[in-house]
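Dropping protein-v8.txt in here (compact mmCIF, N, CA and C atoms):
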# COMPACT_ATOMS: atom_id res chain seq x y z
N MET I 444 84.28 85.74 96.17
CA MET I 444 85.39 86.08 97.04
C MET I 444 86.56 85.14 96.77
N LEU I 445 87.74 85.70 96.74
CA LEU I 445 88.94 84.91 96.55
C LEU I 445 89.31 84.22 97.86
N ASP I 446 90.09 83.17 97.78
CA ASP I 446 90.50 82.39 98.96
C ASP I 446 91.61 83.12 99.71
N LYS I 447 91.30 83.65 100.88
CA LYS I 447 92.26 84.42 101.68
C LYS I 447 93.50 83.60 102.05
N THR I 448 93.33 82.27 102.19
CA THR I 448 94.46 81.44 102.62
C THR I 448 95.49 81.23 101.51
N LYS I 449 95.14 81.58 100.27
CA LYS I 449 96.07 81.42 99.15
C LYS I 449 96.82 82.71 98.84
N MET I 450 96.45 83.79 99.53
CA MET I 450 97.04 85.10 99.26
C MET I 450 98.29 85.33 100.09
N LEU I 451 99.05 86.34 99.66
CA LEU I 451 100.18 86.83 100.44
C LEU I 451 99.82 88.23 100.92
N TYR I 452 100.42 88.64 102.05
CA TYR I 452 100.04 89.87 102.72
C TYR I 452 101.26 90.72 103.07
N SER I 453 101.06 92.04 103.02
CA SER I 453 102.13 92.95 103.42
C SER I 453 101.84 93.49 104.82
N LYS I 454 102.85 94.05 105.46
CA LYS I 454 102.67 94.68 106.77
C LYS I 454 101.83 95.94 106.66
N GLU I 455 101.68 96.47 105.44
CA GLU I 455 100.85 97.66 105.21
C GLU I 455 99.41 97.26 104.89
N HIS I 456 99.09 95.97 104.96
CA HIS I 456 97.74 95.43 104.83
C HIS I 456 97.22 95.41 103.39
N GLU I 457 98.12 95.20 102.45
CA GLU I 457 97.71 94.87 101.09
C GLU I 457 97.75 93.35 100.95
N TRP I 458 96.90 92.83 100.09
CA TRP I 458 96.94 91.40 99.76
C TRP I 458 97.24 91.25 98.27
N VAL I 459 97.83 90.12 97.94
CA VAL I 459 98.09 89.82 96.53
C VAL I 459 97.92 88.31 96.33
N LEU I 460 97.32 87.97 95.21
CA LEU I 460 97.17 86.57 94.81
C LEU I 460 97.94 86.41 93.51
N ILE I 461 98.99 85.59 93.54
CA ILE I 461 99.88 85.42 92.38
C ILE I 461 99.70 84.02 91.82
N LYS I 462 99.52 83.97 90.49
CA LYS I 462 99.42 82.68 89.81
C LYS I 462 100.01 82.85 88.42
N ASP I 463 101.02 82.04 88.11
CA ASP I 463 101.64 82.05 86.78
C ASP I 463 102.09 83.46 86.37
N GLN I 464 102.78 84.14 87.27
CA GLN I 464 103.33 85.48 87.01
C GLN I 464 102.26 86.55 86.75
N LYS I 465 101.02 86.24 87.09
CA LYS I 465 99.91 87.20 87.05
C LYS I 465 99.45 87.39 88.49
N ALA I 466 99.01 88.61 88.82
CA ALA I 466 98.59 88.87 90.19
C ALA I 466 97.41 89.82 90.21
N VAL I 467 96.61 89.68 91.26
CA VAL I 467 95.54 90.62 91.57
C VAL I 467 95.80 91.09 92.99
N MET I 468 95.52 92.38 93.27
CA MET I 468 95.78 92.90 94.61
C MET I 468 94.66 93.78 95.09
N GLY I 469 94.62 93.95 96.40
CA GLY I 469 93.67 94.84 97.06
C GLY I 469 94.15 95.11 98.47
N ILE I 470 93.25 95.61 99.30
CA ILE I 470 93.59 95.82 100.70
C ILE I 470 92.79 94.86 101.56
N THR I 471 93.29 94.60 102.75
CA THR I 471 92.68 93.60 103.63
C THR I 471 91.48 94.17 104.38
N ASP I 472 90.71 93.27 104.96
CA ASP I 472 89.58 93.70 105.78
C ASP I 472 90.06 94.47 107.00
N PHE I 473 91.27 94.17 107.50
CA PHE I 473 91.82 94.96 108.61
C PHE I 473 92.02 96.40 108.17
N ALA I 474 92.60 96.60 107.00
CA ALA I 474 92.79 97.96 106.48
C ALA I 474 91.46 98.67 106.32
N VAL I 475 90.48 97.96 105.79
CA VAL I 475 89.15 98.54 105.60
C VAL I 475 88.57 98.99 106.94
N SER I 476 88.71 98.16 107.97
CA SER I 476 88.15 98.52 109.28
C SER I 476 88.87 99.73 109.87
N GLU I 477 90.15 99.86 109.60
CA GLU I 477 90.91 101.01 110.08
C GLU I 477 90.55 102.29 109.32
N LEU I 478 90.27 102.16 108.03
CA LEU I 478 89.98 103.32 107.20
C LEU I 478 88.57 103.85 107.38
N GLY I 479 87.62 102.98 107.61
CA GLY I 479 86.22 103.41 107.66
C GLY I 479 85.63 103.42 106.26
N ASP I 480 84.61 104.22 106.05
CA ASP I 480 83.91 104.25 104.77
C ASP I 480 84.79 104.82 103.67
N ILE I 481 85.04 104.01 102.65
CA ILE I 481 85.87 104.43 101.53
C ILE I 481 85.02 105.26 100.57
N VAL I 482 85.54 106.45 100.24
CA VAL I 482 84.78 107.36 99.38
C VAL I 482 85.44 107.57 98.02
N TYR I 483 86.72 107.18 97.88
CA TYR I 483 87.40 107.38 96.60
C TYR I 483 88.60 106.45 96.52
N VAL I 484 88.78 105.84 95.36
CA VAL I 484 89.96 105.02 95.08
C VAL I 484 90.63 105.61 93.85
N GLU I 485 91.86 106.09 94.03
CA GLU I 485 92.64 106.56 92.88
C GLU I 485 93.28 105.32 92.25
N LEU I 486 92.83 104.98 91.07
CA LEU I 486 93.34 103.78 90.42
C LEU I 486 94.67 104.06 89.74
N PRO I 487 95.59 103.11 89.79
CA PRO I 487 96.86 103.30 89.08
C PRO I 487 96.63 103.29 87.56
N GLU I 488 97.59 103.78 86.83
CA GLU I 488 97.51 103.80 85.37
C GLU I 488 97.82 102.41 84.81
N ILE I 489 97.04 101.97 83.84
CA ILE I 489 97.37 100.73 83.13
C ILE I 489 98.69 100.96 82.41
N GLY I 490 99.58 100.00 82.52
CA GLY I 490 100.90 100.12 81.93
C GLY I 490 101.95 100.66 82.89
N ALA I 491 101.51 101.15 84.05
CA ALA I 491 102.46 101.68 85.03
C ALA I 491 103.35 100.55 85.56
N GLU I 492 104.61 100.87 85.76
CA GLU I 492 105.54 99.93 86.38
C GLU I 492 105.45 100.10 87.89
N ALA I 493 105.13 99.05 88.58
CA ALA I 493 105.00 99.07 90.03
C ALA I 493 106.24 98.45 90.66
N GLU I 494 106.64 99.03 91.78
CA GLU I 494 107.81 98.53 92.50
C GLU I 494 107.37 98.11 93.89
N ALA I 495 107.75 96.91 94.29
CA ALA I 495 107.36 96.38 95.60
C ALA I 495 107.74 97.34 96.70
N GLY I 496 106.77 97.62 97.57
CA GLY I 496 107.00 98.49 98.71
C GLY I 496 106.92 99.98 98.42
N VAL I 497 106.65 100.34 97.17
CA VAL I 497 106.57 101.75 96.77
C VAL I 497 105.10 102.10 96.54
N GLU I 498 104.74 103.34 96.87
CA GLU I 498 103.36 103.78 96.71
C GLU I 498 102.86 103.52 95.30
N LEU I 499 101.69 102.93 95.21
CA LEU I 499 101.07 102.62 93.94
C LEU I 499 99.86 103.51 93.68
N THR I 500 99.10 103.77 94.74
CA THR I 500 97.87 104.53 94.62
C THR I 500 97.45 105.04 95.99
N THR I 501 96.29 105.68 96.02
CA THR I 501 95.76 106.24 97.27
C THR I 501 94.28 105.88 97.39
N ILE I 502 93.87 105.63 98.62
CA ILE I 502 92.45 105.44 98.93
C ILE I 502 92.05 106.51 99.93
N GLU I 503 90.91 107.14 99.67
CA GLU I 503 90.39 108.14 100.60
C GLU I 503 89.17 107.57 101.29
N SER I 504 89.11 107.82 102.60
CA SER I 504 87.98 107.36 103.38
C SER I 504 87.41 108.53 104.18
N SER I 505 86.38 108.24 104.93
CA SER I 505 85.78 109.26 105.77
C SER I 505 86.75 109.70 106.87
N LYS I 506 87.76 108.91 107.15
CA LYS I 506 88.73 109.24 108.20
C LYS I 506 90.00 109.90 107.67
N ALA I 507 90.51 109.41 106.53
CA ALA I 507 91.82 109.89 106.05
C ALA I 507 92.09 109.38 104.65
N ALA I 508 93.15 109.90 104.06
CA ALA I 508 93.68 109.36 102.81
C ALA I 508 94.84 108.45 103.17
N SER I 509 94.93 107.30 102.52
CA SER I 509 95.99 106.34 102.82
C SER I 509 96.67 105.89 101.54
N ASP I 510 97.99 105.82 101.61
CA ASP I 510 98.76 105.31 100.49
C ASP I 510 98.62 103.80 100.44
N ILE I 511 98.58 103.28 99.23
CA ILE I 511 98.54 101.84 98.99
C ILE I 511 99.83 101.49 98.26
N TYR I 512 100.52 100.49 98.75
CA TYR I 512 101.84 100.13 98.23
C TYR I 512 101.75 98.86 97.38
N SER I 513 102.57 98.82 96.37
CA SER I 513 102.60 97.63 95.53
C SER I 513 103.24 96.47 96.30
N PRO I 514 102.63 95.30 96.26
CA PRO I 514 103.22 94.15 96.94
C PRO I 514 104.30 93.44 96.11
N VAL I 515 104.36 93.75 94.81
CA VAL I 515 105.31 93.08 93.91
C VAL I 515 105.88 94.09 92.90
N ASN I 516 106.92 93.66 92.20
CA ASN I 516 107.43 94.41 91.06
C ASN I 516 106.69 93.90 89.84
N GLY I 517 106.14 94.80 89.06
CA GLY I 517 105.41 94.35 87.89
C GLY I 517 104.80 95.50 87.12
N LYS I 518 104.04 95.14 86.12
CA LYS I 518 103.37 96.11 85.26
C LYS I 518 101.87 95.99 85.46
N VAL I 519 101.20 97.11 85.71
CA VAL I 519 99.76 97.12 85.89
C VAL I 519 99.09 96.81 84.56
N THR I 520 98.27 95.77 84.53
CA THR I 520 97.62 95.35 83.29
C THR I 520 96.12 95.64 83.28
N GLU I 521 95.54 95.81 84.46
CA GLU I 521 94.10 96.05 84.54
C GLU I 521 93.80 96.75 85.86
N VAL I 522 92.80 97.61 85.85
CA VAL I 522 92.33 98.26 87.08
C VAL I 522 90.84 97.99 87.22
N ASN I 523 90.37 98.04 88.44
CA ASN I 523 88.96 97.79 88.73
C ASN I 523 88.19 99.10 88.54
N GLU I 524 87.80 99.36 87.30
CA GLU I 524 87.14 100.62 86.96
C GLU I 524 85.80 100.79 87.67
N SER I 525 85.20 99.72 88.14
CA SER I 525 83.93 99.83 88.86
C SER I 525 84.09 100.62 90.16
N LEU I 526 85.33 100.73 90.66
CA LEU I 526 85.56 101.48 91.90
C LEU I 526 85.42 102.98 91.69
N ASP I 527 85.51 103.44 90.43
CA ASP I 527 85.28 104.87 90.16
C ASP I 527 83.88 105.29 90.61
N GLU I 528 82.91 104.47 90.27
CA GLU I 528 81.51 104.78 90.61
C GLU I 528 81.08 104.19 91.95
N ASN I 529 81.75 103.12 92.35
CA ASN I 529 81.35 102.39 93.57
C ASN I 529 82.55 102.06 94.46
N PRO I 530 83.20 103.07 95.02
CA PRO I 530 84.37 102.78 95.88
C PRO I 530 84.02 101.96 97.11
N GLU I 531 82.75 101.97 97.48
CA GLU I 531 82.32 101.20 98.65
C GLU I 531 82.47 99.70 98.46
N LYS I 532 82.71 99.25 97.23
CA LYS I 532 82.97 97.82 97.00
C LYS I 532 84.18 97.36 97.80
N VAL I 533 85.13 98.26 98.04
CA VAL I 533 86.30 97.90 98.84
C VAL I 533 85.87 97.60 100.27
N ASN I 534 84.92 98.38 100.80
CA ASN I 534 84.39 98.12 102.15
C ASN I 534 83.59 96.82 102.17
N ASP I 535 82.74 96.66 101.17
CA ASP I 535 81.79 95.55 101.17
C ASP I 535 82.43 94.20 100.86
N ASP I 536 83.45 94.19 100.01
CA ASP I 536 84.03 92.93 99.54
C ASP I 536 85.51 93.12 99.19
N PRO I 537 86.37 93.41 100.20
CA PRO I 537 87.77 93.71 99.90
C PRO I 537 88.54 92.57 99.24
N PHE I 538 88.08 91.32 99.43
CA PHE I 538 88.77 90.17 98.84
C PHE I 538 88.06 89.65 97.59
N GLY I 539 87.14 90.42 97.07
CA GLY I 539 86.40 90.01 95.89
C GLY I 539 86.22 91.19 94.95
N GLU I 540 85.01 91.72 94.89
CA GLU I 540 84.71 92.81 93.96
C GLU I 540 85.46 94.10 94.29
N GLY I 541 86.09 94.17 95.45
CA GLY I 541 86.84 95.35 95.84
C GLY I 541 88.32 95.31 95.49
N TRP I 542 88.73 94.37 94.62
CA TRP I 542 90.13 94.33 94.18
C TRP I 542 90.49 95.65 93.51
N ILE I 543 91.77 96.00 93.52
CA ILE I 543 92.20 97.30 92.99
C ILE I 543 92.81 97.18 91.60
N CYS I 544 93.79 96.30 91.44
CA CYS I 544 94.41 96.17 90.12
C CYS I 544 95.03 94.80 89.93
N LYS I 545 95.43 94.55 88.68
CA LYS I 545 96.10 93.31 88.32
C LYS I 545 97.46 93.65 87.70
N PHE I 546 98.39 92.71 87.81
CA PHE I 546 99.76 92.90 87.36
C PHE I 546 100.25 91.73 86.52
N ASP I 547 101.22 92.02 85.67
CA ASP I 547 102.16 91.02 85.20
C ASP I 547 103.31 91.14 86.18
N VAL I 548 103.63 90.08 86.89
CA VAL I 548 104.64 90.12 87.94
C VAL I 548 106.02 89.88 87.36
N HIS I 549 106.95 90.78 87.66
CA HIS I 549 108.35 90.61 87.27
C HIS I 549 109.12 89.89 88.37
N SER I 550 108.90 90.34 89.60
CA SER I 550 109.58 89.75 90.75
C SER I 550 108.93 90.31 92.01
N GLY I 551 109.45 89.92 93.14
CA GLY I 551 108.95 90.45 94.40
C GLY I 551 108.13 89.43 95.13
N GLY I 552 107.64 89.86 96.26
CA GLY I 552 106.85 88.99 97.11
C GLY I 552 107.63 88.32 98.21
N GLU I 553 108.95 88.53 98.20
CA GLU I 553 109.78 87.86 99.20
C GLU I 553 109.48 88.34 100.62
N ASP I 554 109.06 89.60 100.77
CA ASP I 554 108.80 90.15 102.10
C ASP I 554 107.35 89.97 102.53
N LEU I 555 106.58 89.26 101.74
CA LEU I 555 105.17 89.09 102.05
C LEU I 555 104.94 87.89 102.96
N MET I 556 103.84 87.92 103.69
CA MET I 556 103.50 86.87 104.64
C MET I 556 102.39 85.98 104.08
N ASP I 557 102.42 84.71 104.44
CA ASP I 557 101.29 83.87 104.10
C ASP I 557 100.15 84.17 105.09
N TYR I 558 99.01 83.53 104.89
CA TYR I 558 97.83 83.84 105.68
C TYR I 558 98.07 83.67 107.18
N GLU I 559 98.67 82.55 107.58
CA GLU I 559 98.90 82.30 109.01
C GLU I 559 99.83 83.33 109.62
N ALA I 560 100.91 83.66 108.92
CA ALA I 560 101.85 84.66 109.43
C ALA I 560 101.18 86.03 109.54
N TYR I 561 100.31 86.35 108.58
CA TYR I 561 99.61 87.63 108.64
C TYR I 561 98.66 87.66 109.84
N GLN I 562 97.96 86.57 110.10
CA GLN I 562 97.07 86.52 111.26
C GLN I 562 97.87 86.70 112.55
N ASP I 563 99.05 86.09 112.64
CA ASP I 563 99.92 86.28 113.80
C ASP I 563 100.37 87.73 113.91
N TYR I 564 100.71 88.33 112.78
CA TYR I 564 101.13 89.74 112.76
C TYR I 564 100.02 90.65 113.28
N LEU I 565 98.78 90.39 112.87
CA LEU I 565 97.66 91.21 113.33
C LEU I 565 97.51 91.19 114.84
N LYS I 566 97.86 90.08 115.46
CA LYS I 566 97.76 89.97 116.92
C LYS I 566 98.75 90.87 117.64
N THR I 567 99.79 91.32 116.94
CA THR I 567 100.80 92.19 117.56
C THR I 567 100.43 93.67 117.48
N LEU I 568 99.38 93.97 116.74
CA LEU I 568 99.00 95.38 116.53
C LEU I 568 98.08 95.90 117.62

Re-express the file's structure as structure tokens.
Amino acid sequence: MLDKTKMLYSKEHEWVLIKDQKAVMGITDFAVSELGDIVYVELPEIGAEAEAGVELTTIESSKAASDIYSPVNGKVTEVNESLDENPEKVNDDPFGEGWICKFDVHSGGEDLMDYEAYQDYLKTL
């Protein structure tokens, strides 16, 4: 599991861990609890240009389909192909084996919250 306190968070409940212009992203445990059992993850295309705040992909659960937004501007360099066969990894380990994709980061992240700010934000929901 990645260190939640080192990540940045969006109001749409995506997380991103950025280091040296490289990033990995997924959805938070709050998002997972709201979605319920995840049955399908549409992975973004490798090489796709992602724009912060713009839909990147979709996750389908037993309750609904939800759009997932890119937390940064960048290029998708890797996707978690294991989610094709095991989408439940997002439920079981959203901050570890349930990651969705990796990026080369161009810019962005200015609107994201650190861990403490995200915890405060959750209290308002």

>> List as a ChimeraX atom specification the residues having at least one atom at most 10 Å from position (98.0, 102.2, 84.4) as given in the file, counting only C-alpha atoms.
In response: /I:486-493,518-522,544-546

Counting only C-alpha atoms, which residues of segment 483-565 of chain I fall within 8 Å of segment 456-475 of chain I, and what is the closest atom pair for each with its distance in Å at one decimal, ordered by chain and rising number, as a Markdown table?
| residue | atom | partner | partner_atom | distance |
| --- | --- | --- | --- | --- |
| I:Ile511 | CA | I:Glu457 | CA | 7.3 |
| I:Tyr512 | CA | I:Glu457 | CA | 7.3 |
| I:Ser513 | CA | I:Glu457 | CA | 7.9 |
| I:Pro514 | CA | I:Val459 | CA | 6.7 |
| I:Val533 | CA | I:Val475 | CA | 7.4 |
| I:Asn534 | CA | I:Val475 | CA | 5.9 |
| I:Pro537 | CA | I:Asp472 | CA | 6.2 |
| I:Phe538 | CA | I:Gly469 | CA | 7.0 |
| I:Gly541 | CA | I:Gly469 | CA | 7.0 |
| I:Trp542 | CA | I:Gly469 | CA | 4.6 |
| I:Ile543 | CA | I:Gly469 | CA | 5.0 |
| I:Cys544 | CA | I:Met468 | CA | 5.7 |
| I:Lys545 | CA | I:Val467 | CA | 4.3 |
| I:Phe546 | CA | I:Ala466 | CA | 5.1 |
| I:Asp547 | CA | I:Lys465 | CA | 4.8 |
| I:Val548 | CA | I:Gln464 | CA | 4.9 |
| I:His549 | CA | I:Gln464 | CA | 7.2 |

Axis-aligned box over every listed atom of segment 446-450 of chain I, padded by 6 Å per side: centre and edges in Å to one decimal, as lines of an AutoDock Vina configuration file?
center_x = 94.2
center_y = 83.3
center_z = 100.2
size_x = 20.2
size_y = 16.1
size_z = 16.8

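Between atom CA of Asp510 of chain I and atom CA of Glu485 of chain I there is a distance of 9.8 Å.
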
>> Quick check for you: according to DSSP on this backbone, which residues of chain I are classed as strand (DSSP E)? Reply as a VMD selection string.
In response: chain I and resid 451 to 452 457 to 462 465 to 470 481 to 485 492 to 493 498 to 504 508 to 512 515 to 522 544 to 551

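Atom C of Pro530 of chain I to atom CA of Ser550 of chain I spans 29.0 Å [interatomic distance, one decimal].
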
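For the pair atom CA of Lys506 of chain I and atom CA of Glu559 of chain I, the interatomic distance is 28.8 Å.
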
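Minimum atom-to-atom distances from I:Tyr561, I:Ser505, I:Asn523, I:Val482 to Gly539 of chain I were compared using only C-alpha atoms, and the lowest value belongs to I:Asn523.
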
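With distances restricted to only C-alpha atoms, I:Val484 is the closest residue to Glu528 of chain I from I:Glu477, I:Met450, I:Met556, I:Val484.
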
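Closest approach to Lys447 of chain I among I:Glu494, I:Asp480, I:Asp557, I:Asp563 is made by I:Asp557 (distances from all atoms listed in the file).
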
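Among the candidates I:Ala495, I:Leu526, I:Ala560, I:Leu451, the residue lying nearest to Tyr483 of chain I is I:Leu526 (atoms considered: all atoms listed in the file).
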
>> as a ChimeraX atom specification, please: every residue in segment 456-537 of chain I that a backbone DSSP assignment puts in helix (DSSP H, G or I).
In response: /I:472-478,525-528,532-535

> Which one is closest to Asp527 of chain I: I:Asp554, I:Ser453, I:Leu445, I:Ile481? Count only C-alpha atoms.
Replying inline: I:Ile481

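With distances restricted to only C-alpha atoms, I:Glu455 is the closest residue to Glu498 of chain I from I:Asp535, I:Glu455, I:Glu553, I:Glu540.
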
Will you model all heavy atoms for segment 544-555 of chain I and pass it back as a PDB file, in the coordinates of the input?
ATOM      1  N   CYS I 544      93.790  96.300  91.440  1.00  0.00           N
ATOM      2  CA  CYS I 544      94.410  96.170  90.120  1.00  0.00           C
ATOM      3  C   CYS I 544      95.030  94.800  89.930  1.00  0.00           C
ATOM      4  O   CYS I 544      95.149  94.016  90.862  1.00  0.00           O
ATOM      5  CB  CYS I 544      95.449  97.272  89.892  1.00  0.00           C
ATOM      6  SG  CYS I 544      96.894  97.182  90.940  1.00  0.00           S
ATOM      7  N   LYS I 545      95.430  94.550  88.680  1.00  0.00           N
ATOM      8  CA  LYS I 545      96.100  93.310  88.320  1.00  0.00           C
ATOM      9  C   LYS I 545      97.460  93.650  87.700  1.00  0.00           C
ATOM     10  O   LYS I 545      97.629  94.719  87.116  1.00  0.00           O
ATOM     11  CB  LYS I 545      95.247  92.508  87.331  1.00  0.00           C
ATOM     12  CG  LYS I 545      93.937  92.059  87.955  1.00  0.00           C
ATOM     13  CD  LYS I 545      93.105  91.227  87.012  1.00  0.00           C
ATOM     14  CE  LYS I 545      91.799  90.805  87.699  1.00  0.00           C
ATOM     15  NZ  LYS I 545      90.969  89.981  86.823  1.00  0.00           N
ATOM     16  N   PHE I 546      98.390  92.710  87.810  1.00  0.00           N
ATOM     17  CA  PHE I 546      99.760  92.900  87.360  1.00  0.00           C
ATOM     18  C   PHE I 546     100.250  91.730  86.520  1.00  0.00           C
ATOM     19  O   PHE I 546      99.803  90.602  86.724  1.00  0.00           O
ATOM     20  CB  PHE I 546     100.742  92.889  88.557  1.00  0.00           C
ATOM     21  CG  PHE I 546     100.555  93.927  89.579  1.00  0.00           C
ATOM     22  CD1 PHE I 546      99.781  93.692  90.696  1.00  0.00           C
ATOM     23  CD2 PHE I 546     101.206  95.150  89.470  1.00  0.00           C
ATOM     24  CE1 PHE I 546      99.633  94.643  91.682  1.00  0.00           C
ATOM     25  CE2 PHE I 546     101.071  96.099  90.450  1.00  0.00           C
ATOM     26  CZ  PHE I 546     100.284  95.855  91.558  1.00  0.00           C
ATOM     27  N   ASP I 547     101.220  92.020  85.670  1.00  0.00           N
ATOM     28  CA  ASP I 547     102.160  91.020  85.200  1.00  0.00           C
ATOM     29  C   ASP I 547     103.310  91.140  86.180  1.00  0.00           C
ATOM     30  O   ASP I 547     103.912  92.212  86.308  1.00  0.00           O
ATOM     31  CB  ASP I 547     102.655  91.314  83.780  1.00  0.00           C
ATOM     32  CG  ASP I 547     101.654  90.899  82.715  1.00  0.00           C
ATOM     33  OD1 ASP I 547     100.796  90.052  82.998  1.00  0.00           O
ATOM     34  OD2 ASP I 547     101.741  91.430  81.596  1.00  0.00           O
ATOM     35  N   VAL I 548     103.630  90.080  86.890  1.00  0.00           N
ATOM     36  CA  VAL I 548     104.640  90.120  87.940  1.00  0.00           C
ATOM     37  C   VAL I 548     106.020  89.880  87.360  1.00  0.00           C
ATOM     38  O   VAL I 548     106.242  88.899  86.640  1.00  0.00           O
ATOM     39  CB  VAL I 548     104.341  89.072  89.034  1.00  0.00           C
ATOM     40  CG1 VAL I 548     105.411  89.086  90.105  1.00  0.00           C
ATOM     41  CG2 VAL I 548     102.959  89.311  89.634  1.00  0.00           C
ATOM     42  N   HIS I 549     106.950  90.780  87.660  1.00  0.00           N
ATOM     43  CA  HIS I 549     108.350  90.610  87.270  1.00  0.00           C
ATOM     44  C   HIS I 549     109.120  89.890  88.370  1.00  0.00           C
ATOM     45  O   HIS I 549     109.897  88.992  88.116  1.00  0.00           O
ATOM     46  CB  HIS I 549     109.021  91.948  86.977  1.00  0.00           C
ATOM     47  CG  HIS I 549     108.331  92.769  85.928  1.00  0.00           C
ATOM     48  ND1 HIS I 549     107.765  92.246  84.789  1.00  0.00           N
ATOM     49  CD2 HIS I 549     108.111  94.107  85.846  1.00  0.00           C
ATOM     50  CE1 HIS I 549     107.240  93.209  84.054  1.00  0.00           C
ATOM     51  NE2 HIS I 549     107.425  94.348  84.683  1.00  0.00           N
ATOM     52  N   SER I 550     108.900  90.340  89.600  1.00  0.00           N
ATOM     53  CA  SER I 550     109.580  89.750  90.750  1.00  0.00           C
ATOM     54  C   SER I 550     108.930  90.310  92.010  1.00  0.00           C
ATOM     55  O   SER I 550     108.011  91.118  91.944  1.00  0.00           O
ATOM     56  CB  SER I 550     111.079  90.090  90.732  1.00  0.00           C
ATOM     57  OG  SER I 550     111.265  91.497  90.845  1.00  0.00           O
ATOM     58  N   GLY I 551     109.450  89.920  93.140  1.00  0.00           N
ATOM     59  CA  GLY I 551     108.950  90.450  94.400  1.00  0.00           C
ATOM     60  C   GLY I 551     108.130  89.430  95.130  1.00  0.00           C
ATOM     61  O   GLY I 551     107.935  88.307  94.696  1.00  0.00           O
ATOM     62  N   GLY I 552     107.640  89.860  96.260  1.00  0.00           N
ATOM     63  CA  GLY I 552     106.850  88.990  97.110  1.00  0.00           C
ATOM     64  C   GLY I 552     107.630  88.320  98.210  1.00  0.00           C
ATOM     65  O   GLY I 552     107.058  87.669  99.067  1.00  0.00           O
ATOM     66  N   GLU I 553     108.950  88.530  98.200  1.00  0.00           N
ATOM     67  CA  GLU I 553     109.780  87.860  99.200  1.00  0.00           C
ATOM     68  C   GLU I 553     109.480  88.340 100.620  1.00  0.00           C
ATOM     69  O   GLU I 553     109.623  87.580 101.573  1.00  0.00           O
ATOM     70  CB  GLU I 553     111.279  88.080  98.907  1.00  0.00           C
ATOM     71  CG  GLU I 553     111.762  87.458  97.626  1.00  0.00           C
ATOM     72  CD  GLU I 553     111.519  88.337  96.400  1.00  0.00           C
ATOM     73  OE1 GLU I 553     111.139  89.514  96.536  1.00  0.00           O
ATOM     74  OE2 GLU I 553     111.698  87.824  95.283  1.00  0.00           O
ATOM     75  N   ASP I 554     109.060  89.600 100.770  1.00  0.00           N
ATOM     76  CA  ASP I 554     108.800  90.150 102.100  1.00  0.00           C
ATOM     77  C   ASP I 554     107.350  89.970 102.530  1.00  0.00           C
ATOM     78  O   ASP I 554     106.956  90.475 103.575  1.00  0.00           O
ATOM     79  CB  ASP I 554     109.151  91.647 102.115  1.00  0.00           C
ATOM     80  CG  ASP I 554     110.636  91.893 101.916  1.00  0.00           C
ATOM     81  OD1 ASP I 554     111.431  90.994 102.228  1.00  0.00           O
ATOM     82  OD2 ASP I 554     110.988  92.988 101.460  1.00  0.00           O
ATOM     83  N   LEU I 555     106.580  89.260 101.740  1.00  0.00           N
ATOM     84  CA  LEU I 555     105.170  89.090 102.050  1.00  0.00           C
ATOM     85  C   LEU I 555     104.940  87.890 102.960  1.00  0.00           C
ATOM     86  O   LEU I 555     105.761  86.964 103.004  1.00  0.00           O
ATOM     87  CB  LEU I 555     104.371  88.924 100.758  1.00  0.00           C
ATOM     88  CG  LEU I 555     104.453  90.111  99.796  1.00  0.00           C
ATOM     89  CD1 LEU I 555     103.750  89.785  98.495  1.00  0.00           C
ATOM     90  CD2 LEU I 555     103.883  91.371 100.426  1.00  0.00           C
TER      91      LEU I 555
END
